[in-house]
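Remarks on the structure that follows.
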Amino acid sequence: MMKGLTLTEILRLSPIIPVVSISEADEAPNLARALISGGIGILEITLRTDSALDAIRLTAMHEKEAVVGAGSVLSDEDLKRVIDAGAKFAVSPGATPSLLEAAKKMDFPLLPGVATASEIMVGLKYGYDSFKLYPAVHVGGIGALKSYAGPFQSVKFCPTGGIDAKNAKEFLSLENVVCVGGSWISPRRLVDAKEYDKISAIAKASLRSIQTDNNQKK
């Protein structure tokens, strides 16, 4: 496999990773272009639709500036499929030892999902030090992340689940949060309606609203 960006490099590309669901694969490159226009060059296309793999493939093929990843990766088989489709990284809502091991063996950037300290410890055992806290708000949110900063001082997080324009800045103010993931940047209704200018506008507004010294702190 050709060596690409590391997971750490990927997570630092943008403070916000749009999590998107695509119903029409051929529209995915247009969405990626809209996000780039709004200042965000990364997106996570979830495997929640029949069009997801084709959407990843077309985006990787036609939008070279976009770093496209796959979300909702649940198994080794999913991982192989998204790699074949051209994804640059994968995100899972949780993680099994098999999935953690497979990604390490293939040297492919995987952001495993965790919800508890025990799951973080399992991930650390397999050599991971960056995790998706999911569903972030429902498993403790800001308080949980502050608590994890003590025993897991080297661990970084990308909280997803319940993150929106109103609370993103608060999450990003935490030292152990590198970026956040969320669907508010590219709502399904706007994607389906092909209202890409509005998506670009949301991306620009969201980036403006979270501008702090986050880049300097990390």
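Letters A, B, ... go to the chains of the structure tokens in the order shown; residues in each chain start at 1; ligands are counted from 1 in the same order.
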Q) Mind checking DSSP for region 42-172 of chain A and telling me the strand (DSSP E or B) residues as a ChimeraX atom specification? A) /A:42-46,67-71,89-91,110-111,113-114,130-133,156-157,160
Restricting it to C-alpha atoms, dump the selection as a PDB file, in the first residue's frame.
```
ATOM      1  CA  ILE A  42     -11.503  16.789   4.512  1.00  0.00           C
ATOM      2  CA  LEU A  43     -14.716  14.786   4.775  1.00  0.00           C
ATOM      3  CA  GLU A  44     -15.936  11.489   6.197  1.00  0.00           C
ATOM      4  CA  ILE A  45     -18.453   9.653   4.018  1.00  0.00           C
ATOM      5  CA  THR A  46     -20.336   7.163   6.156  1.00  0.00           C
ATOM      6  CA  VAL A  67      -8.902  14.037   1.844  1.00  0.00           C
ATOM      7  CA  VAL A  68     -11.828  11.631   1.812  1.00  0.00           C
ATOM      8  CA  GLY A  69     -12.373   9.104   4.573  1.00  0.00           C
ATOM      9  CA  ALA A  70     -14.937   6.429   5.306  1.00  0.00           C
ATOM     10  CA  GLY A  71     -17.112   6.404   8.401  1.00  0.00           C
ATOM     11  CA  PHE A  89      -8.627   7.083   6.369  1.00  0.00           C
ATOM     12  CA  ALA A  90     -11.359   5.187   8.186  1.00  0.00           C
ATOM     13  CA  VAL A  91     -13.491   5.946  11.222  1.00  0.00           C
ATOM     14  CA  LEU A 110      -8.016   4.227  11.491  1.00  0.00           C
ATOM     15  CA  LEU A 111      -9.729   6.443  14.055  1.00  0.00           C
ATOM     16  CA  GLY A 113     -14.433   4.885  18.401  1.00  0.00           C
ATOM     17  CA  VAL A 114     -14.420   4.705  22.195  1.00  0.00           C
ATOM     18  CA  SER A 130      -6.031   9.003  18.906  1.00  0.00           C
ATOM     19  CA  PHE A 131      -9.694   8.110  19.264  1.00  0.00           C
ATOM     20  CA  LYS A 132     -13.173   9.183  18.266  1.00  0.00           C
ATOM     21  CA  LEU A 133     -15.224   9.758  21.422  1.00  0.00           C
ATOM     22  CA  LYS A 156      -5.992  12.883  21.638  1.00  0.00           C
ATOM     23  CA  PHE A 157      -9.675  12.838  20.693  1.00  0.00           C
ATOM     24  CA  THR A 160     -18.407  13.090  17.375  1.00  0.00           C
TER      25      THR A 160
END
```
**Asked** Do you know which residues are at most 12 Å from Thr116 (chain A) counting only C-alpha atoms, after dropping those on the same chain fewer than 5 positions away, and could you put them as a VMD selection string?
**Response** chain A and resid 94 to 95 121 to 123 131 to 136 138 to 141 144 to 145 147 to 148 152
* Asked: Out of region 14-214 of chain A, which residues get helix (DSSP H, G or I) from DSSP, as a VMD selection string?
  -> chain A and resid 25 to 37 52 to 62 76 to 85 97 to 105 117 to 125 137 to 139 141 to 148 168 to 172 188 to 192 196 to 209 214
- prompt: Just how far from CA of Ala168 (chain A) is CA of Leu58 (chain A), in Å to one decimal?
  reply: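 Computed distance, CA of Leu58 (chain A) to CA of Ala168 (chain A), equals 29.5 Å.
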Pick from A:Ala205, A:Lys198, A:Leu31, A:Pro15: nearest to Gly181 (chain A), with only C-alpha atoms counted?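 Answer, going by the shortest atom-to-atom distance: A:Pro15.
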Counting only C-alpha atoms, the residue among A:Thr49, A:Leu35, A:Ala85, A:Lys80 that lies closest to Ser186 (chain A) is A:Leu35
If you count only C-alpha atoms, which residues fall within 10 Å of Leu47 (chain A), apart from same-chain ones fewer than 3 positions away, as a PDB file with N, CA and C atoms, in the first residue's frame?
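Contents of the output file selection22.pdb:
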```pdb
ATOM      1  N   VAL A  20     -20.702  13.007   6.495  1.00  0.00           N
ATOM      2  CA  VAL A  20     -21.747  13.138   5.475  1.00  0.00           C
ATOM      3  C   VAL A  20     -22.318  11.784   5.074  1.00  0.00           C
ATOM      4  N   SER A  21     -23.557  11.823   4.680  1.00  0.00           N
ATOM      5  CA  SER A  21     -24.260  10.648   4.163  1.00  0.00           C
ATOM      6  C   SER A  21     -24.697  10.974   2.741  1.00  0.00           C
ATOM      7  N   ILE A  22     -24.311  10.125   1.790  1.00  0.00           N
ATOM      8  CA  ILE A  22     -24.527  10.411   0.376  1.00  0.00           C
ATOM      9  C   ILE A  22     -25.553   9.438  -0.216  1.00  0.00           C
ATOM     10  N   GLU A  44     -15.718  12.905   5.853  1.00  0.00           N
ATOM     11  CA  GLU A  44     -15.936  11.489   6.197  1.00  0.00           C
ATOM     12  C   GLU A  44     -17.280  11.068   5.607  1.00  0.00           C
ATOM     13  N   ASP A  50     -26.197   2.813   0.219  1.00  0.00           N
ATOM     14  CA  ASP A  50     -25.694   1.928  -0.829  1.00  0.00           C
ATOM     15  C   ASP A  50     -24.718   2.645  -1.755  1.00  0.00           C
ATOM     16  N   SER A  51     -24.768   3.976  -1.738  1.00  0.00           N
ATOM     17  CA  SER A  51     -23.927   4.767  -2.640  1.00  0.00           C
ATOM     18  C   SER A  51     -22.572   5.131  -2.035  1.00  0.00           C
ATOM     19  N   ALA A  52     -22.358   4.787  -0.778  1.00  0.00           N
ATOM     20  CA  ALA A  52     -21.186   5.282  -0.057  1.00  0.00           C
ATOM     21  C   ALA A  52     -19.856   4.927  -0.716  1.00  0.00           C
ATOM     22  N   LEU A  53     -19.665   3.663  -1.067  1.00  0.00           N
ATOM     23  CA  LEU A  53     -18.381   3.258  -1.643  1.00  0.00           C
ATOM     24  C   LEU A  53     -18.126   3.941  -2.978  1.00  0.00           C
ATOM     25  N   ALA A  55     -19.357   6.783  -3.825  1.00  0.00           N
ATOM     26  CA  ALA A  55     -19.137   8.194  -3.498  1.00  0.00           C
ATOM     27  C   ALA A  55     -17.683   8.432  -3.096  1.00  0.00           C
ATOM     28  N   ILE A  56     -17.145   7.541  -2.291  1.00  0.00           N
ATOM     29  CA  ILE A  56     -15.734   7.639  -1.888  1.00  0.00           C
ATOM     30  C   ILE A  56     -14.837   7.512  -3.113  1.00  0.00           C
ATOM     31  N   ALA A  70     -13.719   7.236   5.201  1.00  0.00           N
ATOM     32  CA  ALA A  70     -14.937   6.429   5.306  1.00  0.00           C
ATOM     33  C   ALA A  70     -15.329   6.302   6.763  1.00  0.00           C
ATOM     34  N   GLY A  71     -16.610   6.555   7.044  1.00  0.00           N
ATOM     35  CA  GLY A  71     -17.112   6.404   8.401  1.00  0.00           C
ATOM     36  C   GLY A  71     -17.998   5.191   8.533  1.00  0.00           C
ATOM     37  N   SER A  72     -18.365   4.859   9.759  1.00  0.00           N
ATOM     38  CA  SER A  72     -19.197   3.683  10.053  1.00  0.00           C
ATOM     39  C   SER A  72     -18.541   2.393   9.573  1.00  0.00           C
ATOM     40  N   VAL A  73     -17.222   2.337   9.664  1.00  0.00           N
ATOM     41  CA  VAL A  73     -16.483   1.127   9.315  1.00  0.00           C
ATOM     42  C   VAL A  73     -16.572   0.171  10.498  1.00  0.00           C
ATOM     43  N   LEU A  74     -17.182  -0.980  10.278  1.00  0.00           N
ATOM     44  CA  LEU A  74     -17.504  -1.885  11.382  1.00  0.00           C
ATOM     45  C   LEU A  74     -16.681  -3.164  11.413  1.00  0.00           C
ATOM     46  N   ASP A  78     -15.180  -4.257   5.834  1.00  0.00           N
ATOM     47  CA  ASP A  78     -15.466  -2.852   5.534  1.00  0.00           C
ATOM     48  C   ASP A  78     -14.167  -2.103   5.266  1.00  0.00           C
ATOM     49  N   VAL A  82     -13.204  -0.015   1.808  1.00  0.00           N
ATOM     50  CA  VAL A  82     -12.996   1.438   1.711  1.00  0.00           C
ATOM     51  C   VAL A  82     -11.582   1.755   1.221  1.00  0.00           C
TER      52      VAL A  82
END
```
Could you give me, as a VMD selection string, the residues within 9 Å of region 125-127 of chain A, counting only C-alpha atoms and dropping anything in the same chain fewer than 6 positions from it?
chain A and resid 97 100 to 101 104
Restricted to C-alpha atoms, what would the selected residues look like written as a PDB file, in the first residue's frame?
```pdb
ATOM      1  CA  PRO A  97      -9.386  -6.201  18.388  1.00  0.00           C
ATOM      2  CA  LEU A 100      -7.610  -2.553  15.311  1.00  0.00           C
ATOM      3  CA  GLU A 101      -5.126  -5.228  14.325  1.00  0.00           C
ATOM      4  CA  LYS A 104      -2.246  -1.677  11.975  1.00  0.00           C
TER       5      LYS A 104
END
```
Discussion item. For a test of reading the model, state the distance in Å between CA of Gly39 (chain A) and CA of Ser14 (chain A), rounded to one decimal.
Written reply: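 Going from CA of Gly39 (chain A) over to CA of Ser14 (chain A), I get 8.6 Å.
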**Report entry** Nearby residues (only C-alpha atoms) at most 6 Å from Val180 (chain A), same-chain spacing under 6 positions excluded, as a list in words
**Finding:**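 Once the adjacent positions are removed, what remains is Ile16, Cys158 and Pro159 of chain A.
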Restricting it to N, CA and C atoms, dump the selection as a tab-separated table (two decimals), in the first residue's frame.
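Dumped to again34.tsv:
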```
chain	number	residue	atom	x	y	z
A	16	ILE	N	-12.59	20.85	12.05
A	16	ILE	CA	-13.91	20.23	11.86
A	16	ILE	C	-13.84	19.22	10.73
A	158	CYS	N	-11.14	13.04	18.82
A	158	CYS	CA	-12.03	13.72	17.88
A	158	CYS	C	-13.44	13.36	18.31
A	159	PRO	N	-14.06	14.16	19.16
A	159	PRO	CA	-15.42	13.85	19.61
A	159	PRO	C	-16.43	14.02	18.48
```
| How many Å lie between CA of Glu24 (chain A) and CA of Ile163 (chain A), rounded to one decimal? |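 Pair CA of Glu24 (chain A) / CA of Ile163 (chain A) returns 25.1 Å.
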- request: Between A:Ala201, A:Ala193, A:Ile10, A:Ile210, single out the one closest to Ser37 (chain A), counting only C-alpha atoms.
  value: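 Among A:Ala201, A:Ala193, A:Ile10, A:Ile210, it is A:Ala201 that comes nearest to Ser37 (chain A).
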| task | Considering only C-alpha atoms, state which residue in the set A:Val191, A:Val177, A:Ala34, A:Leu207 is at the smallest distance from Asp164 (chain A). | result |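 The answer is A:Leu207, which sits nearest to Asp164 (chain A).
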